[in-house]
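coords37.tsv follows (TSV, N, CA and C atoms):
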chain	number	residue	atom	x	y	z
A	207	MET	N	23.36	-24.01	-305.44
A	207	MET	CA	22.83	-25.29	-305.81
A	207	MET	C	21.69	-25.73	-304.90
A	208	ALA	N	21.51	-25.07	-303.76
A	208	ALA	CA	20.49	-25.50	-302.80
A	208	ALA	C	19.09	-25.45	-303.40
A	209	ASP	N	18.86	-24.54	-304.32
A	209	ASP	CA	17.55	-24.42	-304.94
A	209	ASP	C	17.40	-25.28	-306.19
A	210	CYS	N	18.44	-25.98	-306.55
A	210	CYS	CA	18.41	-26.81	-307.76
A	210	CYS	C	17.86	-28.19	-307.47
A	211	ALA	N	17.12	-28.71	-308.42
A	211	ALA	CA	16.70	-30.11	-308.38
A	211	ALA	C	17.89	-30.94	-308.84
A	212	ILE	N	18.11	-32.06	-308.17
A	212	ILE	CA	19.22	-32.93	-308.54
A	212	ILE	C	18.68	-34.10	-309.35
A	213	ALA	N	19.17	-34.22	-310.58
A	213	ALA	CA	18.82	-35.33	-311.46
A	213	ALA	C	20.04	-36.23	-311.58
A	214	ALA	N	19.90	-37.47	-311.13
A	214	ALA	CA	20.98	-38.44	-311.25
A	214	ALA	C	20.77	-39.25	-312.51
A	215	LEU	N	21.75	-39.21	-313.39
A	215	LEU	CA	21.70	-40.01	-314.61
A	215	LEU	C	22.48	-41.28	-314.35
A	216	TYR	N	21.79	-42.41	-314.32
A	216	TYR	CA	22.38	-43.68	-313.95
A	216	TYR	C	22.68	-44.49	-315.20
A	217	GLY	N	23.95	-44.51	-315.57
A	217	GLY	CA	24.34	-45.26	-316.75
A	217	GLY	C	25.53	-44.63	-317.45
A	218	ASN	N	26.13	-45.43	-318.32
A	218	ASN	CA	27.33	-44.96	-319.01
A	218	ASN	C	27.20	-45.07	-320.52
A	219	SER	N	25.97	-45.15	-321.01
A	219	SER	CA	25.76	-45.27	-322.45
A	219	SER	C	25.92	-43.93	-323.15
A	220	LEU	N	26.12	-44.00	-324.44
A	220	LEU	CA	26.19	-42.79	-325.25
A	220	LEU	C	24.86	-42.03	-325.16
A	221	PHE	N	23.77	-42.76	-325.06
A	221	PHE	CA	22.45	-42.15	-324.91
A	221	PHE	C	22.39	-41.30	-323.63
A	222	MET	N	22.88	-41.85	-322.50
A	222	MET	CA	22.88	-41.09	-321.24
A	222	MET	C	23.80	-39.88	-321.34
A	223	ALA	N	24.88	-39.99	-322.09
A	223	ALA	CA	25.77	-38.85	-322.31
A	223	ALA	C	25.03	-37.73	-323.04
A	224	GLY	N	24.19	-38.13	-324.01
A	224	GLY	CA	23.39	-37.14	-324.74
A	224	GLY	C	22.34	-36.49	-323.85
A	225	VAL	N	21.72	-37.30	-322.99
A	225	VAL	CA	20.74	-36.74	-322.04
A	225	VAL	C	21.44	-35.75	-321.11
A	226	GLU	N	22.62	-36.14	-320.63
A	226	GLU	CA	23.38	-35.25	-319.75
A	226	GLU	C	23.70	-33.93	-320.45
A	227	ALA	N	24.18	-34.00	-321.68
A	227	ALA	CA	24.51	-32.78	-322.43
A	227	ALA	C	23.28	-31.91	-322.65
A	228	SER	N	22.14	-32.54	-322.86
A	228	SER	CA	20.90	-31.79	-323.11
A	228	SER	C	20.39	-31.09	-321.85
A	229	LEU	N	20.63	-31.69	-320.68
A	229	LEU	CA	20.11	-31.13	-319.43
A	229	LEU	C	21.10	-30.24	-318.70
A	230	ARG	N	22.38	-30.33	-319.05
A	230	ARG	CA	23.44	-29.67	-318.30
A	230	ARG	C	23.20	-28.18	-318.06
A	231	ASP	N	22.70	-27.46	-319.04
A	231	ASP	CA	22.56	-26.01	-318.92
A	231	ASP	C	21.16	-25.56	-318.55
A	232	LYS	N	20.31	-26.47	-318.14
A	232	LYS	CA	18.94	-26.10	-317.77
A	232	LYS	C	18.95	-25.44	-316.39
A	233	HIS	N	18.31	-24.28	-316.31
A	233	HIS	CA	18.25	-23.52	-315.06
A	233	HIS	C	17.51	-24.30	-313.98
A	234	GLY	N	18.05	-24.28	-312.77
A	234	GLY	CA	17.40	-24.94	-311.65
A	234	GLY	C	17.59	-26.44	-311.60
A	235	LEU	N	18.54	-26.95	-312.38
A	235	LEU	CA	18.75	-28.38	-312.46
A	235	LEU	C	20.24	-28.69	-312.34
A	236	ASP	N	20.57	-29.54	-311.40
A	236	ASP	CA	21.94	-30.02	-311.22
A	236	ASP	C	21.97	-31.47	-311.69
A	237	VAL	N	22.76	-31.75	-312.70
A	237	VAL	CA	22.82	-33.08	-313.30
A	237	VAL	C	24.09	-33.78	-312.83
A	238	VAL	N	23.91	-34.98	-312.27
A	238	VAL	CA	25.03	-35.77	-311.79
A	238	VAL	C	24.98	-37.12	-312.50
A	239	ARG	N	26.09	-37.51	-313.09
A	239	ARG	CA	26.14	-38.78	-313.82
A	239	ARG	C	26.79	-39.85	-312.95
A	240	ILE	N	26.16	-41.01	-312.87
A	240	ILE	CA	26.67	-42.15	-312.12
A	240	ILE	C	26.96	-43.27	-313.11
A	241	ASP	N	28.19	-43.76	-313.12
A	241	ASP	CA	28.56	-44.86	-314.00
A	241	ASP	C	28.05	-46.16	-313.40
A	242	ALA	N	27.04	-46.74	-314.00
A	242	ALA	CA	26.39	-47.94	-313.47
A	242	ALA	C	27.31	-49.15	-313.45
A	243	ALA	N	28.40	-49.12	-314.21
A	243	ALA	CA	29.32	-50.25	-314.26
A	243	ALA	C	30.26	-50.31	-313.06
A	244	LEU	N	30.35	-49.23	-312.32
A	244	LEU	CA	31.25	-49.21	-311.17
A	244	LEU	C	30.64	-49.95	-309.98
A	245	PRO	N	31.45	-50.66	-309.21
A	245	PRO	CA	30.94	-51.37	-308.04
A	245	PRO	C	30.28	-50.43	-307.02
A	246	SER	N	30.71	-49.18	-306.98
A	246	SER	CA	30.17	-48.22	-306.02
A	246	SER	C	28.95	-47.46	-306.53
A	247	ALA	N	28.43	-47.82	-307.70
A	247	ALA	CA	27.36	-47.05	-308.34
A	247	ALA	C	26.14	-46.87	-307.45
A	248	GLN	N	25.65	-47.93	-306.84
A	248	GLN	CA	24.45	-47.82	-305.99
A	248	GLN	C	24.73	-46.94	-304.77
A	249	ASP	N	25.90	-47.09	-304.17
A	249	ASP	CA	26.26	-46.25	-303.02
A	249	ASP	C	26.40	-44.79	-303.44
A	250	ASP	N	27.00	-44.56	-304.61
A	250	ASP	CA	27.15	-43.19	-305.12
A	250	ASP	C	25.77	-42.57	-305.35
A	251	LEU	N	24.86	-43.35	-305.87
A	251	LEU	CA	23.49	-42.88	-306.12
A	251	LEU	C	22.82	-42.49	-304.81
A	252	ARG	N	22.96	-43.32	-303.79
A	252	ARG	CA	22.37	-43.02	-302.47
A	252	ARG	C	22.97	-41.75	-301.88
A	253	ALA	N	24.28	-41.58	-302.05
A	253	ALA	CA	25.00	-40.47	-301.42
A	253	ALA	C	24.57	-39.10	-301.96
A	254	ILE	N	24.21	-39.03	-303.22
A	254	ILE	CA	23.86	-37.71	-303.77
A	254	ILE	C	22.42	-37.30	-303.46
A	255	ARG	N	21.59	-38.23	-303.01
A	255	ARG	CA	20.20	-37.94	-302.63
A	255	ARG	C	19.47	-37.17	-303.73
A	256	PRO	N	19.33	-37.77	-304.90
A	256	PRO	CA	18.72	-37.05	-306.03
A	256	PRO	C	17.22	-36.86	-305.86
A	257	ASP	N	16.69	-35.90	-306.60
A	257	ASP	CA	15.24	-35.67	-306.65
A	257	ASP	C	14.59	-36.60	-307.66
A	258	VAL	N	15.37	-37.04	-308.63
A	258	VAL	CA	14.90	-37.98	-309.65
A	258	VAL	C	16.11	-38.77	-310.15
A	259	VAL	N	15.87	-40.04	-310.47
A	259	VAL	CA	16.90	-40.87	-311.09
A	259	VAL	C	16.43	-41.19	-312.51
A	260	ILE	N	17.31	-40.95	-313.47
A	260	ILE	CA	17.00	-41.24	-314.87
A	260	ILE	C	17.95	-42.32	-315.34
A	261	PHE	N	17.40	-43.35	-315.97
A	261	PHE	CA	18.24	-44.44	-316.47
A	261	PHE	C	17.80	-44.86	-317.86
A	262	ASP	N	18.70	-45.54	-318.55
A	262	ASP	CA	18.48	-46.03	-319.90
A	262	ASP	C	17.75	-47.36	-319.81
A	263	LEU	N	16.53	-47.43	-320.32
A	263	LEU	CA	15.74	-48.66	-320.27
A	263	LEU	C	16.44	-49.82	-320.97
A	264	ASP	N	17.29	-49.53	-321.94
A	264	ASP	CA	17.96	-50.56	-322.72
A	264	ASP	C	19.34	-50.92	-322.19
A	265	SER	N	19.72	-50.34	-321.06
A	265	SER	CA	21.03	-50.59	-320.48
A	265	SER	C	21.10	-52.00	-319.86
A	266	PRO	N	22.26	-52.62	-319.92
A	266	PRO	CA	22.40	-53.91	-319.24
A	266	PRO	C	22.34	-53.79	-317.72
A	267	TYR	N	22.36	-52.55	-317.22
A	267	TYR	CA	22.30	-52.31	-315.77
A	267	TYR	C	20.91	-51.87	-315.31
A	268	ALA	N	19.95	-51.84	-316.21
A	268	ALA	CA	18.60	-51.37	-315.87
A	268	ALA	C	17.97	-52.18	-314.74
A	269	HIS	N	18.26	-53.47	-314.69
A	269	HIS	CA	17.68	-54.33	-313.65
A	269	HIS	C	18.11	-53.92	-312.25
A	270	LEU	N	19.18	-53.18	-312.11
A	270	LEU	CA	19.65	-52.75	-310.80
A	270	LEU	C	18.77	-51.66	-310.19
A	271	MET	N	17.86	-51.13	-310.98
A	271	MET	CA	16.96	-50.10	-310.46
A	271	MET	C	15.90	-50.68	-309.53
A	272	LEU	N	15.54	-51.95	-309.71
A	272	LEU	CA	14.49	-52.54	-308.88
A	272	LEU	C	14.82	-52.49	-307.38
A	273	PRO	N	16.01	-52.94	-306.96
A	273	PRO	CA	16.31	-52.82	-305.53
A	273	PRO	C	16.33	-51.37	-305.05
A	274	PHE	N	16.81	-50.48	-305.92
A	274	PHE	CA	16.86	-49.06	-305.54
A	274	PHE	C	15.45	-48.50	-305.36
A	275	ILE	N	14.53	-48.90	-306.21
A	275	ILE	CA	13.14	-48.46	-306.09
A	275	ILE	C	12.56	-48.91	-304.76
A	276	ARG	N	12.82	-50.14	-304.39
A	276	ARG	CA	12.31	-50.67	-303.13
A	276	ARG	C	12.89	-49.95	-301.93
A	277	GLU	N	14.14	-49.55	-302.01
A	277	GLU	CA	14.81	-48.85	-300.90
A	277	GLU	C	14.38	-47.40	-300.76
A	278	HIS	N	13.88	-46.82	-301.83
A	278	HIS	CA	13.57	-45.39	-301.84
A	278	HIS	C	12.14	-45.13	-302.32
A	279	PRO	N	11.15	-45.55	-301.54
A	279	PRO	CA	9.77	-45.32	-301.97
A	279	PRO	C	9.49	-43.82	-302.10
A	280	GLY	N	8.81	-43.48	-303.13
A	280	GLY	CA	8.47	-42.08	-303.37
A	280	GLY	C	9.45	-41.34	-304.26
A	281	LEU	N	10.65	-41.89	-304.47
A	281	LEU	CA	11.63	-41.25	-305.35
A	281	LEU	C	11.27	-41.55	-306.79
A	282	PRO	N	11.05	-40.53	-307.60
A	282	PRO	CA	10.73	-40.78	-309.01
A	282	PRO	C	11.92	-41.40	-309.75
A	283	ILE	N	11.66	-42.50	-310.42
A	283	ILE	CA	12.66	-43.20	-311.22
A	283	ILE	C	12.14	-43.17	-312.66
A	284	LEU	N	12.88	-42.52	-313.54
A	284	LEU	CA	12.43	-42.32	-314.91
A	284	LEU	C	13.32	-43.12	-315.86
A	285	GLY	N	12.73	-44.08	-316.55
A	285	GLY	CA	13.45	-44.87	-317.54
A	285	GLY	C	13.20	-44.30	-318.92
A	286	LEU	N	14.27	-44.07	-319.66
A	286	LEU	CA	14.17	-43.53	-321.02
A	286	LEU	C	14.61	-44.59	-322.01
A	287	GLY	N	13.84	-44.74	-323.09
A	287	GLY	CA	14.18	-45.70	-324.13
A	287	GLY	C	14.50	-45.00	-325.42
A	288	LEU	N	15.70	-45.15	-325.91
A	288	LEU	CA	16.13	-44.51	-327.15
A	288	LEU	C	15.41	-45.09	-328.35
A	289	ASP	N	15.36	-46.40	-328.44
A	289	ASP	CA	14.76	-47.05	-329.61
A	289	ASP	C	13.27	-46.78	-329.73
A	290	SER	N	12.58	-46.76	-328.61
A	290	SER	CA	11.12	-46.60	-328.64
A	290	SER	C	10.68	-45.18	-328.31
A	291	SER	N	11.60	-44.31	-327.94
A	291	SER	CA	11.28	-42.96	-327.49
A	291	SER	C	10.32	-42.96	-326.30
A	292	ASP	N	10.42	-44.00	-325.48
A	292	ASP	CA	9.57	-44.11	-324.30
A	292	ASP	C	10.19	-43.40	-323.12
A	293	ALA	N	9.33	-42.87	-322.27
A	293	ALA	CA	9.70	-42.39	-320.95
A	293	ALA	C	8.75	-43.07	-319.99
A	294	VAL	N	9.30	-43.90	-319.10
A	294	VAL	CA	8.49	-44.69	-318.18
A	294	VAL	C	8.80	-44.24	-316.77
A	295	LEU	N	7.80	-43.68	-316.09
A	295	LEU	CA	7.95	-43.28	-314.71
A	295	LEU	C	7.54	-44.46	-313.84
A	296	LEU	N	8.51	-44.99	-313.10
A	296	LEU	CA	8.26	-46.16	-312.27
A	296	LEU	C	7.80	-45.72	-310.89
A	297	SER	N	6.77	-46.35	-310.41
A	297	SER	CA	6.23	-46.01	-309.10
A	297	SER	C	6.88	-46.89	-308.04
A	298	SER	N	7.27	-46.27	-306.96
A	298	SER	CA	7.82	-47.03	-305.86
A	298	SER	C	6.91	-46.94	-304.64
A	299	GLN	N	5.70	-46.50	-304.85
A	299	GLN	CA	4.75	-46.41	-303.75
A	299	GLN	C	4.27	-47.82	-303.41
A	300	PRO	N	4.47	-48.25	-302.19
A	300	PRO	CA	4.00	-49.59	-301.84
A	300	PRO	C	2.48	-49.61	-301.67
A	301	TYR	N	1.90	-50.73	-301.98
A	301	TYR	CA	0.48	-50.94	-301.79
A	301	TYR	C	0.31	-52.37	-301.29
A	302	ALA	N	-0.35	-52.51	-300.16
A	302	ALA	CA	-0.53	-53.85	-299.58
A	302	ALA	C	-1.57	-54.62	-300.38
A	303	ALA	N	-1.12	-55.69	-301.00
A	303	ALA	CA	-2.02	-56.59	-301.73
A	303	ALA	C	-1.60	-58.01	-301.35
A	304	LEU	N	-1.80	-58.32	-300.09
A	304	LEU	CA	-1.31	-59.58	-299.56
A	304	LEU	C	-2.23	-60.76	-299.84
A	305	SER	N	-3.33	-60.48	-300.47
A	305	SER	CA	-4.27	-61.55	-300.80
A	305	SER	C	-4.79	-61.33	-302.21
A	306	ALA	N	-5.47	-62.32	-302.74
A	306	ALA	CA	-6.09	-62.17	-304.06
A	306	ALA	C	-7.13	-61.06	-304.02
A	307	ASP	N	-7.87	-60.95	-302.91
A	307	ASP	CA	-8.86	-59.89	-302.79
A	307	ASP	C	-8.20	-58.51	-302.80
A	308	GLY	N	-7.06	-58.39	-302.11
A	308	GLY	CA	-6.34	-57.12	-302.10
A	308	GLY	C	-5.81	-56.75	-303.47
A	309	LEU	N	-5.29	-57.73	-304.20
A	309	LEU	CA	-4.80	-57.50	-305.54
A	309	LEU	C	-5.94	-57.12	-306.48
A	310	ALA	N	-7.07	-57.79	-306.36
A	310	ALA	CA	-8.24	-57.47	-307.19
A	310	ALA	C	-8.71	-56.05	-306.90
A	311	LYS	N	-8.70	-55.68	-305.64
A	311	LYS	CA	-9.11	-54.31	-305.25
A	311	LYS	C	-8.17	-53.28	-305.88
A	312	LEU	N	-6.88	-53.55	-305.85
A	312	LEU	CA	-5.89	-52.66	-306.45
A	312	LEU	C	-6.13	-52.52	-307.95
A	313	ILE	N	-6.36	-53.62	-308.64
A	313	ILE	CA	-6.59	-53.59	-310.09
A	313	ILE	C	-7.85	-52.79	-310.42
A	314	ARG	N	-8.92	-53.00	-309.67
A	314	ARG	CA	-10.16	-52.25	-309.92
A	314	ARG	C	-9.96	-50.76	-309.65
A	315	SER	N	-9.20	-50.44	-308.62
A	315	SER	CA	-8.95	-49.04	-308.29
A	315	SER	C	-8.11	-48.35	-309.36
A	316	ILE	N	-7.12	-49.07	-309.90
A	316	ILE	CA	-6.30	-48.51	-310.98
A	316	ILE	C	-7.17	-48.25	-312.21
A	317	ARG	N	-8.02	-49.21	-312.52
A	317	ARG	CA	-8.90	-49.04	-313.69
A	317	ARG	C	-9.82	-47.85	-313.50
A	318	LYS	N	-10.36	-47.69	-312.32
A	318	LYS	CA	-11.32	-46.62	-312.06
A	318	LYS	C	-10.65	-45.25	-311.91
A	319	ASN	N	-9.53	-45.20	-311.19
A	319	ASN	CA	-8.94	-43.91	-310.81
A	319	ASN	C	-7.59	-43.61	-311.43
A	320	GLY	N	-6.96	-44.59	-312.03
A	320	GLY	CA	-5.59	-44.39	-312.50
A	320	GLY	C	-4.62	-44.54	-311.35
A	321	THR	N	-3.35	-44.62	-311.66
A	321	THR	CA	-2.35	-44.87	-310.62
A	321	THR	C	-2.15	-43.69	-309.70
A	322	LYS	N	-2.33	-42.47	-310.17
A	322	LYS	CA	-2.10	-41.31	-309.30
A	322	LYS	C	-3.05	-41.35	-308.11
A	323	GLN	N	-4.29	-41.69	-308.32
A	323	GLN	CA	-5.25	-41.73	-307.23
A	323	GLN	C	-5.00	-42.90	-306.29
A	324	VAL	N	-4.63	-44.02	-306.82
A	324	VAL	CA	-4.43	-45.21	-306.01
A	324	VAL	C	-3.20	-45.09	-305.13
A	325	LEU	N	-2.14	-44.51	-305.68
A	325	LEU	CA	-0.86	-44.52	-305.00
A	325	LEU	C	-0.60	-43.28	-304.16
A	326	LYS	N	-1.57	-42.44	-303.98
A	326	LYS	CA	-1.38	-41.25	-303.14
A	326	LYS	C	-1.26	-41.64	-301.69
Just give me the structure of the file as structure tokens.
Amino acid sequence: MADCAIAALYGNSLFMAGVEASLRDKHGLDVVRIDAALPSAQDDLRAIRPDVVIFDLDSPYAHLMLPFIREHPGLPILGLGLDSSDAVLLSSQPYAALSADGLAKLIRSIRKNGTKQVLK
């Protein structure tokens, strides 16, 4: 397992069960499911040290990803939406925009270079 990427599936929906079943047999991937309804869910997520966290965008527990994103800058957090077929990669890269000028600079940089260039 040392060479496997760890994907943490955060949620207990039928949709997440389907994602788990789809990824379970993929070579080089270790899939771990975390039940978001459990009080220990956030601690369990921290303990496994995943390479990516995948969650259901439509889950009632989706809002719990925000604190986790702040605690783990650089960890890819992927939200999947069943109804819209969306996959949203959330960035946890901090960017100092402590003033209106800083925020304007960030917006112009995103427009010019996209988020990959800005958040490197």
- Surrounding residues of region 230-234 of chain A excluding itself and chain neighbours under 2 positions, 7 Å, only N, CA and C atoms, as a list in words: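 The residues satisfying every condition are Asp209, Cys210, Ala211, Ile212, Val225, Glu226, Ala227, Ser228, Asp236 and Val237 of chain A.
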- Message: Please report the interatomic distance between atom N of Asp289 (chain A) and CA of Asp249 (chain A) in Å with one decimal.
- Response: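 A separation of 27.7 Å between them.
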- Message: Please compute the CA of Leu229 (chain A)-CA of Pro266 (chain A) distance, one decimal, in Å.
- Response: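 Straight-line distance from CA of Leu229 (chain A) to CA of Pro266 (chain A) works out to 22.9 Å.
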- Item | Non-local contacts of Asn218 (chain A) (7 Å; all atoms listed in the file; under 4 positions in same chain excluded) as a PyMOL selection string | chain A and resi 222-223+240-243
Please write the residues from the selection above to a file, keeping N, CA and C atoms, as a CSV table (one decimal), keeping the file's coordinate frame.
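part29.csv written:
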chain,number,residue,atom,x,y,z
A,222,MET,N,22.9,-41.8,-322.5
A,222,MET,CA,22.9,-41.1,-321.2
A,222,MET,C,23.8,-39.9,-321.3
A,223,ALA,N,24.9,-40.0,-322.1
A,223,ALA,CA,25.8,-38.8,-322.3
A,223,ALA,C,25.0,-37.7,-323.0
A,240,ILE,N,26.2,-41.0,-312.9
A,240,ILE,CA,26.7,-42.2,-312.1
A,240,ILE,C,27.0,-43.3,-313.1
A,241,ASP,N,28.2,-43.8,-313.1
A,241,ASP,CA,28.6,-44.9,-314.0
A,241,ASP,C,28.0,-46.2,-313.4
A,242,ALA,N,27.0,-46.7,-314.0
A,242,ALA,CA,26.4,-47.9,-313.5
A,242,ALA,C,27.3,-49.2,-313.4
A,243,ALA,N,28.4,-49.1,-314.2
A,243,ALA,CA,29.3,-50.2,-314.3
A,243,ALA,C,30.3,-50.3,-313.1
- Any idea what the distance is between CA of Val258 (chain A) and CA of Ala213 (chain A)? 5.1 Å
- Point out the residue among A:Pro279, A:Val238, A:Val259, A:Gln248 with the least atom-to-atom distance to Leu295 (chain A), counting only C-alpha atoms.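 Among the listed residues, A:Val259 lies closest to Leu295 (chain A).
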- Could you check which of A:Leu296, A:Arg239, A:Lys311, A:Leu220 is closest to Arg276 (chain A), using only C-alpha atoms? A:Leu296
- Among the residues A:Leu286, A:Leu281, A:Leu235, A:Leu272, the one that comes closest to Pro256 (chain A) [using all atoms listed in the file]: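 Closest residue, counting all atoms listed in the file: A:Leu281.
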Around region 256-265 of chain A, fit a box with edges along x, y and z, padding it by 3 Å on each side, then list its centre and edge lengths in Å to one decimal as AutoDock Vina command-line options.
--center_x 17.8 --center_y -43.8 --center_z -313.8 --size_x 12.5 --size_y 22.3 --size_z 23.8
- Task: Quick one: pick out all strand (DSSP E) residues within region 229-273 of chain A from a backbone DSSP run and write them as an NGL selection string.
- Result: :A and (235-240 or 258-262)
- A:Ala253, A:Leu263, A:Ala214, A:Ala247: which is nearest Gly287 (chain A), counting all atoms listed in the file?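 Using all atoms listed in the file, Gly287 (chain A) sits closest to A:Leu263.
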